[in-house]
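Novice: Quick one, my_file28.cif (mmCIF, C-alpha atoms):
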```cif
data_model
loop_
_atom_site.group_PDB
_atom_site.id
_atom_site.type_symbol
_atom_site.label_atom_id
_atom_site.label_comp_id
_atom_site.auth_asym_id
_atom_site.auth_seq_id
_atom_site.Cartn_x
_atom_site.Cartn_y
_atom_site.Cartn_z
ATOM 1 C CA MET E 1 60.830 71.519 72.854
ATOM 2 C CA ILE E 2 62.615 71.091 76.187
ATOM 3 C CA GLU E 3 65.823 69.204 75.515
ATOM 4 C CA ASN E 4 65.870 65.772 77.058
ATOM 5 C CA HIS E 5 69.319 64.214 77.245
ATOM 6 C CA SER E 6 68.069 60.963 78.745
ATOM 7 C CA LYS E 7 65.011 58.771 78.566
ATOM 8 C CA GLU E 8 63.915 60.004 82.003
ATOM 9 C CA ARG E 9 60.262 60.957 82.188
ATOM 10 C CA THR E 10 58.765 63.251 84.798
ATOM 11 C CA VAL E 11 55.301 62.584 86.231
ATOM 12 C CA LEU E 12 53.267 64.957 88.421
ATOM 13 C CA VAL E 13 50.592 63.333 90.609
ATOM 14 C CA THR E 14 48.018 65.471 92.432
ATOM 15 C CA GLY E 15 46.668 64.192 95.728
ATOM 16 C CA GLY E 16 49.909 62.319 96.190
ATOM 17 C CA THR E 17 49.541 61.855 99.957
ATOM 18 C CA GLY E 18 46.170 60.098 99.646
ATOM 19 C CA ALA E 19 45.619 56.366 99.272
ATOM 20 C CA ILE E 20 45.353 56.161 95.487
ATOM 21 C CA GLY E 21 47.729 59.053 94.766
ATOM 22 C CA LYS E 22 50.486 57.564 96.903
ATOM 23 C CA ALA E 23 50.001 54.154 95.266
ATOM 24 C CA ILE E 24 50.185 55.742 91.802
ATOM 25 C CA ALA E 25 53.387 57.574 92.736
ATOM 26 C CA ARG E 26 54.892 54.394 94.182
ATOM 27 C CA LEU E 27 54.164 52.203 91.152
ATOM 28 C CA ILE E 28 55.572 54.799 88.772
ATOM 29 C CA ALA E 29 58.661 55.360 90.935
ATOM 30 C CA LEU E 30 59.389 51.631 90.747
ATOM 31 C CA LYS E 31 59.755 51.880 86.961
ATOM 32 C CA ASP E 32 63.085 52.626 85.346
ATOM 33 C CA ASN E 33 63.851 56.226 84.366
ATOM 34 C CA TYR E 34 60.856 57.832 86.035
ATOM 35 C CA LYS E 35 60.982 60.949 88.179
ATOM 36 C CA VAL E 36 57.912 61.529 90.350
ATOM 37 C CA VAL E 37 56.599 64.765 91.823
ATOM 38 C CA ILE E 38 53.592 64.714 94.130
ATOM 39 C CA LEU E 39 51.405 67.769 94.605
ATOM 40 C CA ALA E 40 49.740 68.145 97.992
ATOM 41 C CA ARG E 41 48.268 70.773 100.311
ATOM 42 C CA ASN E 42 49.980 69.711 103.529
ATOM 43 C CA ALA E 43 53.757 70.156 103.603
ATOM 44 C CA GLU E 44 54.377 67.796 106.533
ATOM 45 C CA LYS E 45 52.352 64.990 104.960
ATOM 46 C CA ALA E 46 54.094 65.623 101.645
ATOM 47 C CA LYS E 47 57.559 65.418 103.238
ATOM 48 C CA SER E 48 56.798 62.170 105.065
ATOM 49 C CA THR E 49 55.202 60.674 101.939
ATOM 50 C CA VAL E 50 58.293 61.470 99.869
ATOM 51 C CA VAL E 51 60.559 59.863 102.480
ATOM 52 C CA GLU E 52 58.308 56.791 102.570
ATOM 53 C CA LEU E 53 58.233 56.516 98.768
ATOM 54 C CA LYS E 54 61.998 56.897 98.436
ATOM 55 C CA THR E 55 62.536 54.210 101.071
ATOM 56 C CA ASN E 56 60.017 51.800 99.547
ATOM 57 C CA THR E 57 61.088 52.213 95.926
ATOM 58 C CA GLY E 58 64.790 53.016 96.088
ATOM 59 C CA ASN E 59 64.140 55.846 93.649
ATOM 60 C CA PRO E 60 65.828 59.080 94.797
ATOM 61 C CA ASN E 61 64.036 61.172 92.168
ATOM 62 C CA ILE E 62 60.854 61.828 94.151
ATOM 63 C CA SER E 63 59.869 65.285 95.346
ATOM 64 C CA PHE E 64 56.826 67.414 96.131
ATOM 65 C CA VAL E 65 55.215 70.768 95.427
ATOM 66 C CA ILE E 66 52.619 72.436 97.615
ATOM 67 C CA ALA E 67 49.354 73.860 96.311
ATOM 68 C CA ASP E 68 45.688 73.869 97.248
ATOM 69 C CA LEU E 69 43.825 72.517 94.233
ATOM 70 C CA SER E 70 40.716 74.497 95.117
ATOM 71 C CA ASN E 71 42.700 77.715 94.645
ATOM 72 C CA LYS E 72 43.387 78.912 91.101
ATOM 73 C CA MET E 73 46.212 81.256 92.096
ATOM 74 C CA GLU E 74 48.117 78.531 93.941
ATOM 75 C CA ILE E 75 47.931 76.228 90.922
ATOM 76 C CA GLN E 76 49.089 79.025 88.634
ATOM 77 C CA LYS E 77 52.012 79.739 90.986
ATOM 78 C CA ALA E 78 52.995 76.050 91.044
ATOM 79 C CA ALA E 79 53.063 76.001 87.239
ATOM 80 C CA GLN E 80 55.041 79.244 87.031
ATOM 81 C CA GLU E 81 57.662 77.892 89.439
ATOM 82 C CA TRP E 82 57.985 74.517 87.678
ATOM 83 C CA THR E 83 61.415 73.808 86.224
ATOM 84 C CA GLY E 84 62.364 71.195 83.660
ATOM 85 C CA PRO E 85 60.122 68.961 81.559
ATOM 86 C CA LEU E 86 56.776 67.402 82.459
ATOM 87 C CA HIS E 87 55.712 64.354 80.482
ATOM 88 C CA VAL E 88 52.691 63.146 82.432
ATOM 89 C CA LEU E 89 50.123 64.985 84.552
ATOM 90 C CA ILE E 90 47.865 62.758 86.652
ATOM 91 C CA ASN E 91 44.893 64.671 88.042
ATOM 92 C CA ASN E 92 43.881 62.529 90.990
ATOM 93 C CA ALA E 93 43.176 64.709 94.039
ATOM 94 C CA GLY E 94 39.616 64.773 95.292
ATOM 95 C CA THR E 95 37.462 65.691 98.251
ATOM 96 C CA THR E 96 33.876 65.026 99.267
ATOM 97 C CA PRO E 97 32.890 66.937 102.421
ATOM 98 C CA ARG E 98 29.595 65.842 103.941
ATOM 99 C CA GLN E 99 28.415 69.432 104.380
ATOM 100 C CA ARG E 100 28.403 72.110 101.696
ATOM 101 C CA LEU E 101 31.590 74.110 102.182
ATOM 102 C CA GLU E 102 33.015 77.015 100.212
ATOM 103 C CA THR E 103 36.604 77.946 99.411
ATOM 104 C CA THR E 104 38.110 81.245 100.510
ATOM 105 C CA THR E 105 37.091 82.599 97.100
ATOM 106 C CA GLY E 106 33.467 81.513 97.577
ATOM 107 C CA ILE E 107 33.296 78.432 95.322
ATOM 108 C CA GLU E 108 31.591 75.230 96.514
ATOM 109 C CA MET E 109 34.468 73.081 97.745
ATOM 110 C CA GLN E 110 33.832 69.838 95.867
ATOM 111 C CA PHE E 111 33.308 71.563 92.513
ATOM 112 C CA ALA E 112 36.384 73.743 93.116
ATOM 113 C CA THR E 113 38.689 70.837 94.003
ATOM 114 C CA ASN E 114 37.407 67.924 91.944
ATOM 115 C CA VAL E 115 36.443 69.802 88.784
ATOM 116 C CA LEU E 116 38.119 73.204 88.634
ATOM 117 C CA GLY E 117 41.282 71.757 90.198
ATOM 118 C CA TYR E 118 41.594 69.339 87.261
ATOM 119 C CA PHE E 119 40.697 72.134 84.833
ATOM 120 C CA TRP E 120 43.232 74.614 86.231
ATOM 121 C CA MET E 121 46.010 72.029 86.478
ATOM 122 C CA THR E 122 45.497 71.154 82.826
ATOM 123 C CA GLN E 123 45.214 74.791 81.801
ATOM 124 C CA PHE E 124 48.332 76.054 83.586
ATOM 125 C CA PHE E 125 50.595 73.043 82.970
ATOM 126 C CA THR E 126 49.709 72.690 79.268
ATOM 127 C CA PRO E 127 52.560 74.969 78.079
ATOM 128 C CA ILE E 128 55.081 72.746 79.910
ATOM 129 C CA LEU E 129 53.464 69.561 78.619
ATOM 130 C CA LYS E 130 53.589 70.999 75.078
ATOM 131 C CA GLN E 131 57.304 71.680 75.392
ATOM 132 C CA SER E 132 57.827 68.130 76.672
ATOM 133 C CA ALA E 133 55.605 66.402 74.089
ATOM 134 C CA PRO E 134 54.666 63.701 73.409
ATOM 135 C CA SER E 135 53.011 63.924 76.805
ATOM 136 C CA ARG E 136 49.934 62.691 78.600
ATOM 137 C CA ILE E 137 47.197 63.865 80.952
ATOM 138 C CA ILE E 138 45.283 61.267 82.955
ATOM 139 C CA ASN E 139 42.135 62.305 84.803
ATOM 140 C CA VAL E 140 41.200 59.940 87.601
ATOM 141 C CA ALA E 141 37.405 59.945 87.400
ATOM 142 C CA SER E 142 34.927 57.189 88.297
ATOM 143 C CA TYR E 143 32.254 54.926 86.886
ATOM 144 C CA TRP E 144 30.098 56.359 89.708
ATOM 145 C CA ALA E 145 29.234 59.495 87.743
ATOM 146 C CA GLY E 146 26.109 61.472 86.884
ATOM 147 C CA ASN E 147 23.701 64.083 88.298
ATOM 148 C CA LEU E 148 25.431 66.986 86.540
ATOM 149 C CA GLU E 149 23.282 70.117 86.368
ATOM 150 C CA LEU E 150 24.882 72.851 84.317
ATOM 151 C CA ASP E 151 22.689 75.535 85.871
ATOM 152 C CA ASP E 152 23.507 74.520 89.457
ATOM 153 C CA LEU E 153 27.080 73.194 89.519
ATOM 154 C CA GLU E 154 27.705 74.632 93.003
ATOM 155 C CA PHE E 155 24.519 73.373 94.686
ATOM 156 C CA LYS E 156 23.190 76.850 95.314
ATOM 157 C CA HIS E 157 19.645 75.750 94.495
ATOM 158 C CA ARG E 158 19.692 71.989 95.048
ATOM 159 C CA ASN E 159 20.013 70.451 98.478
ATOM 160 C CA TYR E 160 23.668 69.534 98.874
ATOM 161 C CA ASP E 161 24.439 65.835 99.129
ATOM 162 C CA ASN E 162 28.099 64.851 99.014
ATOM 163 C CA GLY E 163 27.422 61.697 96.988
ATOM 164 C CA THR E 164 25.448 63.631 94.374
ATOM 165 C CA ALA E 165 28.132 66.325 94.274
ATOM 166 C CA TYR E 166 30.836 63.688 93.906
ATOM 167 C CA ARG E 167 28.994 61.937 91.061
ATOM 168 C CA GLN E 168 28.576 65.282 89.338
ATOM 169 C CA SER E 169 32.281 66.051 89.677
ATOM 170 C CA LYS E 170 33.274 62.708 88.158
ATOM 171 C CA GLN E 171 30.886 63.221 85.228
ATOM 172 C CA ALA E 172 32.444 66.640 84.729
ATOM 173 C CA ASN E 173 35.959 65.113 84.780
ATOM 174 C CA ARG E 174 34.974 62.710 82.015
ATOM 175 C CA MET E 175 33.317 65.436 79.923
ATOM 176 C CA LEU E 176 36.239 67.857 80.288
ATOM 177 C CA THR E 177 38.633 65.062 79.294
ATOM 178 C CA ILE E 178 36.929 65.017 75.888
ATOM 179 C CA ALA E 179 36.990 68.817 75.612
ATOM 180 C CA PHE E 180 40.707 69.055 76.399
ATOM 181 C CA ALA E 181 41.561 66.074 74.183
ATOM 182 C CA GLU E 182 40.090 67.876 71.183
ATOM 183 C CA ARG E 183 41.928 71.089 71.983
ATOM 184 C CA LEU E 184 45.319 69.478 72.657
ATOM 185 C CA LYS E 185 45.384 66.784 69.978
ATOM 186 C CA ALA E 186 47.538 68.872 67.648
ATOM 187 C CA SER E 187 50.058 69.456 70.461
ATOM 188 C CA GLU E 188 50.846 65.740 70.910
ATOM 189 C CA ILE E 189 49.230 65.773 74.348
ATOM 190 C CA SER E 190 46.846 62.879 74.940
ATOM 191 C CA VAL E 191 44.069 63.316 77.511
ATOM 192 C CA ASN E 192 42.250 60.295 78.928
ATOM 193 C CA ALA E 193 40.060 59.517 81.933
ATOM 194 C CA CYS E 194 39.724 56.367 83.999
ATOM 195 C CA HIS E 195 37.959 54.681 86.873
ATOM 196 C CA PRO E 196 40.584 53.629 89.443
ATOM 197 C CA GLY E 197 38.566 50.894 91.128
ATOM 198 C CA ASP E 198 36.660 50.647 94.395
ATOM 199 C CA VAL E 199 39.464 51.537 96.770
ATOM 200 C CA ASN E 200 39.161 51.672 100.531
ATOM 201 C CA SER E 201 40.146 55.269 101.291
ATOM 202 C CA VAL E 202 39.213 58.329 103.329
ATOM 203 C CA LEU E 203 37.153 59.536 100.387
ATOM 204 C CA SER E 204 35.276 56.247 99.971
ATOM 205 C CA LYS E 205 34.454 56.251 103.694
ATOM 206 C CA GLN E 206 33.113 59.818 103.444
ATOM 207 C CA LEU E 207 30.821 58.582 100.683
ATOM 208 C CA GLY E 208 29.658 55.701 102.854
ATOM 209 C CA PHE E 209 31.458 52.934 100.970
ATOM 210 C CA GLY E 210 34.160 50.745 102.403
ATOM 211 C CA GLY E 211 35.838 49.862 99.115
ATOM 212 C CA HIS E 212 37.042 46.314 98.506
ATOM 213 C CA GLU E 213 40.194 47.018 96.490
ATOM 214 C CA SER E 214 43.649 48.006 97.703
ATOM 215 C CA PRO E 215 45.225 51.334 96.709
ATOM 216 C CA GLY E 216 47.682 49.372 94.567
ATOM 217 C CA GLN E 217 44.838 47.766 92.651
ATOM 218 C CA GLY E 218 43.206 51.172 92.220
ATOM 219 C CA ALA E 219 46.445 52.652 90.899
ATOM 220 C CA THR E 220 46.882 50.027 88.171
ATOM 221 C CA THR E 221 44.813 51.658 85.424
ATOM 222 C CA PRO E 222 46.059 55.252 85.987
ATOM 223 C CA VAL E 223 49.677 54.021 85.998
ATOM 224 C CA TRP E 224 49.098 51.970 82.836
ATOM 225 C CA LEU E 225 47.653 55.037 81.086
ATOM 226 C CA ALA E 226 50.598 57.119 82.277
ATOM 227 C CA THR E 227 53.371 54.757 81.205
ATOM 228 C CA SER E 228 52.276 52.080 78.732
ATOM 229 C CA ASP E 229 53.154 52.121 75.040
ATOM 230 C CA GLU E 230 49.844 50.312 74.441
ATOM 231 C CA VAL E 231 47.883 53.541 74.825
ATOM 232 C CA ALA E 232 50.292 55.870 73.000
ATOM 233 C CA GLY E 233 48.316 58.122 70.677
ATOM 234 C CA ILE E 234 44.905 57.313 72.196
ATOM 235 C CA THR E 235 43.117 60.436 73.405
ATOM 236 C CA GLY E 236 39.687 61.521 74.584
ATOM 237 C CA SER E 237 38.849 58.049 75.899
ATOM 238 C CA TYR E 238 37.603 56.525 79.131
ATOM 239 C CA PHE E 239 39.085 53.383 80.691
ATOM 240 C CA GLU E 240 38.089 50.883 83.373
ATOM 241 C CA HIS E 241 40.272 47.967 84.537
ATOM 242 C CA LEU E 242 42.843 48.399 81.735
ATOM 243 C CA HIS E 243 40.155 48.467 79.039
ATOM 244 C CA GLN E 244 38.840 51.295 76.893
ATOM 245 C CA THR E 245 35.129 51.651 77.671
ATOM 246 C CA ASN E 246 32.307 53.666 76.158
ATOM 247 C CA CYS E 247 31.601 56.860 78.105
ATOM 248 C CA GLN E 248 27.887 57.636 78.209
ATOM 249 C CA PHE E 249 28.640 61.353 78.580
ATOM 250 C CA GLY E 250 30.842 61.606 75.498
ATOM 251 C CA GLY E 251 28.118 62.082 72.921
ATOM 252 C CA ASP E 252 26.628 65.290 74.286
ATOM 253 C CA LYS E 253 29.018 67.715 72.627
ATOM 254 C CA GLU E 254 26.861 70.741 73.394
ATOM 255 C CA SER E 255 26.877 70.083 77.144
ATOM 256 C CA ILE E 256 30.606 69.320 77.061
ATOM 257 C CA GLU E 257 31.332 72.682 75.442
ATOM 258 C CA THR E 258 28.945 74.498 77.788
ATOM 259 C CA LEU E 259 30.691 72.991 80.810
ATOM 260 C CA PHE E 260 34.107 73.928 79.405
ATOM 261 C CA ARG E 261 33.011 77.545 78.854
ATOM 262 C CA ILE E 262 31.601 77.735 82.386
ATOM 263 C CA CYS E 263 34.873 76.480 83.873
ATOM 264 C CA GLU E 264 36.839 79.000 81.813
ATOM 265 C CA LYS E 265 34.990 81.829 83.561
ATOM 266 C CA TYR E 266 36.138 80.898 87.057
#
```
For the structure just supplied, provide its representation as structure tokens.

Specialist:
Amino acid sequence: MIENHSKERTVLVTGGTGAIGKAIARLIALKDNYKVVILARNAEKAKSTVVELKTNTGNPNISFVIADLSNKMEIQKAAQEWTGPLHVLINNAGTTPRQRLETTTGIEMQFATNVLGYFWMTQFFTPILKQSAPSRIINVASYWAGNLELDDLEFKHRNYDNGTAYRQSKQANRMLTIAFAERLKASEISVNACHPGDVNSVLSKQLGFGGHESPGQGATTPVWLATSDEVAGITGSYFEHLHQTNCQFGGDKESIETLFRICEKY
């Protein structure tokens, strides 16, 4: 175990410069004894976000790391360079381009960022979370989920539609939450997924929705899962609006394991 001489807890939030990610970071930074690290792609946006968060919360313990979540090597590097404990990982970053795009390594962009990004973050930061246990992983998913096709995850055969690809990615997030929860249960790492709410954001606009909730409202459930004693020990579950809810994808264990094995091969 990493020695912890205080009650300070460290939280890493991906997509920390976006609407929901910034709101999550802010609400956690307002709590006593919390250190917040945001992970982002753009260094300038990350710097200005950290300054804004420090000013708004009065918490000096806010910093950033840079990595592209669609790139496995950058995530691995971020984990290798991490120092100190990590008590909570919040996988939140997402993208939904309107045209089918590929990463520099040839993976469809939405699958790479929204699904493999969560997978790789969990995979590479698990050793640190184990050393810091009890610890938590929160996957920001959505109730707007479905359309997953295990034989065409990258839309090589289907016509690409960003809404369909987004729904697929959120179903995958919820399924992989269950897979990781089973694997990490013995390590005192809980893994849960949640719907953040219908937030007005860049992503919601790309999907054609305005969103009627504020980023702060959307951050409420992820922050509660990250910090509340009420959910200590709960793992492999899905939450909406501060309530544990049945996940319709949780019963198909065979598909969950197939998806996990596919992701492992990337």

Novice: Per residue of region 48-126 of chain E within 12 Å of region 145-160 of chain E, record the nearest atom pair and its distance in Å to one decimal, counting all atoms listed in the file, with rows in chain order and ascending residue number, as JSON lines.

Specialist:
```
{"residue": "E:Thr96", "atom": "CA", "partner": "E:Tyr160", "partner_atom": "CA", "distance": 11.2}
{"residue": "E:Pro97", "atom": "CA", "partner": "E:Tyr160", "partner_atom": "CA", "distance": 10.2}
{"residue": "E:Arg98", "atom": "CA", "partner": "E:Tyr160", "partner_atom": "CA", "distance": 8.6}
{"residue": "E:Gln99", "atom": "CA", "partner": "E:Tyr160", "partner_atom": "CA", "distance": 7.3}
{"residue": "E:Arg100", "atom": "CA", "partner": "E:Tyr160", "partner_atom": "CA", "distance": 6.1}
{"residue": "E:Leu101", "atom": "CA", "partner": "E:Tyr160", "partner_atom": "CA", "distance": 9.7}
{"residue": "E:Glu102", "atom": "CA", "partner": "E:Glu154", "partner_atom": "CA", "distance": 9.3}
{"residue": "E:Thr103", "atom": "CA", "partner": "E:Glu154", "partner_atom": "CA", "distance": 11.5}
{"residue": "E:Gly106", "atom": "CA", "partner": "E:Glu154", "partner_atom": "CA", "distance": 10.1}
{"residue": "E:Ile107", "atom": "CA", "partner": "E:Glu154", "partner_atom": "CA", "distance": 7.1}
{"residue": "E:Glu108", "atom": "CA", "partner": "E:Glu154", "partner_atom": "CA", "distance": 5.3}
{"residue": "E:Met109", "atom": "CA", "partner": "E:Glu154", "partner_atom": "CA", "distance": 8.4}
{"residue": "E:Gln110", "atom": "CA", "partner": "E:Glu154", "partner_atom": "CA", "distance": 8.3}
{"residue": "E:Phe111", "atom": "CA", "partner": "E:Glu154", "partner_atom": "CA", "distance": 6.4}
{"residue": "E:Ala112", "atom": "CA", "partner": "E:Glu154", "partner_atom": "CA", "distance": 8.7}
{"residue": "E:Thr113", "atom": "CA", "partner": "E:Glu154", "partner_atom": "CA", "distance": 11.7}
{"residue": "E:Asn114", "atom": "CA", "partner": "E:Glu154", "partner_atom": "CA", "distance": 11.8}
{"residue": "E:Val115", "atom": "CA", "partner": "E:Leu153", "partner_atom": "CA", "distance": 10.0}
{"residue": "E:Leu116", "atom": "CA", "partner": "E:Leu153", "partner_atom": "CA", "distance": 11.1}
```

Novice: Generate a file of the selected residues that holds C-alpha atoms, formatted as a compact mmCIF listing (two decimals), in the frame of the given file.

Specialist:
```txt
# COMPACT_ATOMS: atom_id res chain seq x y z
CA THR E 96 33.88 65.03 99.27
CA PRO E 97 32.89 66.94 102.42
CA ARG E 98 29.60 65.84 103.94
CA GLN E 99 28.42 69.43 104.38
CA ARG E 100 28.40 72.11 101.70
CA LEU E 101 31.59 74.11 102.18
CA GLU E 102 33.02 77.02 100.21
CA THR E 103 36.60 77.95 99.41
CA GLY E 106 33.47 81.51 97.58
CA ILE E 107 33.30 78.43 95.32
CA GLU E 108 31.59 75.23 96.51
CA MET E 109 34.47 73.08 97.74
CA GLN E 110 33.83 69.84 95.87
CA PHE E 111 33.31 71.56 92.51
CA ALA E 112 36.38 73.74 93.12
CA THR E 113 38.69 70.84 94.00
CA ASN E 114 37.41 67.92 91.94
CA VAL E 115 36.44 69.80 88.78
CA LEU E 116 38.12 73.20 88.63
```

Novice: Write out as a VMD selection string each polymer residue whose atoms come within 12 Å of Asn246 (chain E), counting only C-alpha atoms; drop sequence neighbours fewer than 2 positions from it.

Specialist: chain E and resid 143 174 193 to 194 236 to 240 243 to 244 248 to 251

Novice: Using Å and a single decimal, report how far CA of Ala232 (chain E) sits from CA of Ala133 (chain E).

Specialist: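 CA of Ala232 (chain E) lies at a distance of 11.8 Å from CA of Ala133 (chain E).
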
Novice: When the PyMOL selection byres ((chain E and resi 188) around 6) is applied to the file above, which residues end up in the set, as a PyMOL selection string?

Specialist: chain E and resi 133-134+185-187+189

Novice: Go through E:Val88, E:Val223, E:Val65, E:Ala23 one by one, measure the shortest atom-to-atom distance of each to Lys45 (chain E) using all atoms listed in the file, and give the residue with the smallest value.

Specialist: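 Checking each candidate against Lys45 (chain E), we get E:Val65 as the closest.
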
Novice: Which residue gives the smallest distance to Thr258 (chain E) among E:Ala179, E:Met73, E:Met121, E:Ala67, with only C-alpha atoms counted?

Specialist: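 Among the listed residues, E:Ala179 lies closest to Thr258 (chain E).
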
Novice: Take the PyMOL selection byres ((chain E and resi 66) around 12), run it mentally on this structure, and tell me the resulting residues as number ranges by chain.

Specialist: E: 12-17, 37-47, 63-65, 67-69, 71, 74-79, 81-82

Novice: Which one of E:Leu53, E:Leu176, E:Ala29, E:Ala181 sits closest to Cys263 (chain E) if you count only C-alpha atoms?

Specialist: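 Once distances to Cys263 (chain E) are computed over only C-alpha atoms, the minimum belongs to E:Leu176.
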
Novice: Please compute the CA of Val191 (chain E)-CA of Ile137 (chain E) distance, one decimal, in Å.

Specialist: 4.7 Å

Novice: Show me, as a list of chain:residue names, the residues that have an atom within 7 Å of region 83-86 of chain E when counting only C-alpha atoms, minus same-chain residues fewer than 5 positions from it.

Specialist: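 Here the answer would be E:Ile2, E:Thr10, E:Val11, E:Ile128, E:Leu129, E:Ser132.
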
Novice: Could you name the residues that touch Asn139 (chain E) at 10 Å or less, counting only C-alpha atoms, but leaving out those on the same chain fewer than 2 positions away, as a PDB file with C-alpha atoms, in the coordinates of the input?

Specialist:
```pdb
ATOM      1  CA  LEU E  89      50.123  64.985  84.552  1.00  0.00           C
ATOM      2  CA  ILE E  90      47.865  62.758  86.652  1.00  0.00           C
ATOM      3  CA  ASN E  91      44.893  64.671  88.042  1.00  0.00           C
ATOM      4  CA  ASN E  92      43.881  62.529  90.990  1.00  0.00           C
ATOM      5  CA  ALA E  93      43.176  64.709  94.039  1.00  0.00           C
ATOM      6  CA  TYR E 118      41.594  69.339  87.261  1.00  0.00           C
ATOM      7  CA  PHE E 119      40.697  72.134  84.833  1.00  0.00           C
ATOM      8  CA  THR E 122      45.497  71.154  82.826  1.00  0.00           C
ATOM      9  CA  ARG E 136      49.934  62.691  78.600  1.00  0.00           C
ATOM     10  CA  ILE E 137      47.197  63.865  80.952  1.00  0.00           C
ATOM     11  CA  ALA E 141      37.405  59.945  87.400  1.00  0.00           C
ATOM     12  CA  SER E 142      34.927  57.189  88.297  1.00  0.00           C
ATOM     13  CA  LYS E 170      33.274  62.708  88.158  1.00  0.00           C
ATOM     14  CA  ASN E 173      35.959  65.113  84.780  1.00  0.00           C
ATOM     15  CA  ARG E 174      34.974  62.710  82.015  1.00  0.00           C
ATOM     16  CA  LEU E 176      36.239  67.857  80.288  1.00  0.00           C
ATOM     17  CA  THR E 177      38.633  65.062  79.294  1.00  0.00           C
ATOM     18  CA  VAL E 191      44.069  63.316  77.511  1.00  0.00           C
ATOM     19  CA  ASN E 192      42.250  60.295  78.928  1.00  0.00           C
ATOM     20  CA  ALA E 193      40.060  59.517  81.933  1.00  0.00           C
ATOM     21  CA  CYS E 194      39.724  56.367  83.999  1.00  0.00           C
ATOM     22  CA  HIS E 195      37.959  54.681  86.873  1.00  0.00           C
ATOM     23  CA  PRO E 196      40.584  53.629  89.443  1.00  0.00           C
ATOM     24  CA  PRO E 222      46.059  55.252  85.987  1.00  0.00           C
ATOM     25  CA  LEU E 225      47.653  55.037  81.086  1.00  0.00           C
ATOM     26  CA  TYR E 238      37.603  56.525  79.131  1.00  0.00           C
TER      27      TYR E 238
END
```

Novice: Rank nothing, just name the residue among E:Gly21, E:Asn162, E:Trp120, E:Tyr266 nearest to Thr105 (chain E), using all atoms listed in the file.

Specialist: E:Tyr266

Novice: How big is the axis-aligned box around the listed atoms of region 53-67 of chain E once 8 Å is added on each side, and where is its centre? Give both in Å to one decimal, as JSON.

Specialist:
```
{"center_x": 57.6, "center_y": 62.8, "center_z": 96.6, "size_x": 32.5, "size_y": 38.1, "size_z": 24.9}
```

Novice: So, with all atoms listed in the file as the atoms that count, which of E:Lys22, E:Lys7, E:Lys35, E:Lys265 lies closest to Gly216 (chain E)?

Specialist: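 Distance minimum relative to Gly216 (chain E) lands on E:Lys22.
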
Novice: With only C-alpha atoms as the atoms that count, which of E:Ala172, E:Ala165, E:Ala226, E:Ala219 lies nearest to Arg26 (chain E)?

Specialist: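 Closest candidate: E:Ala219.
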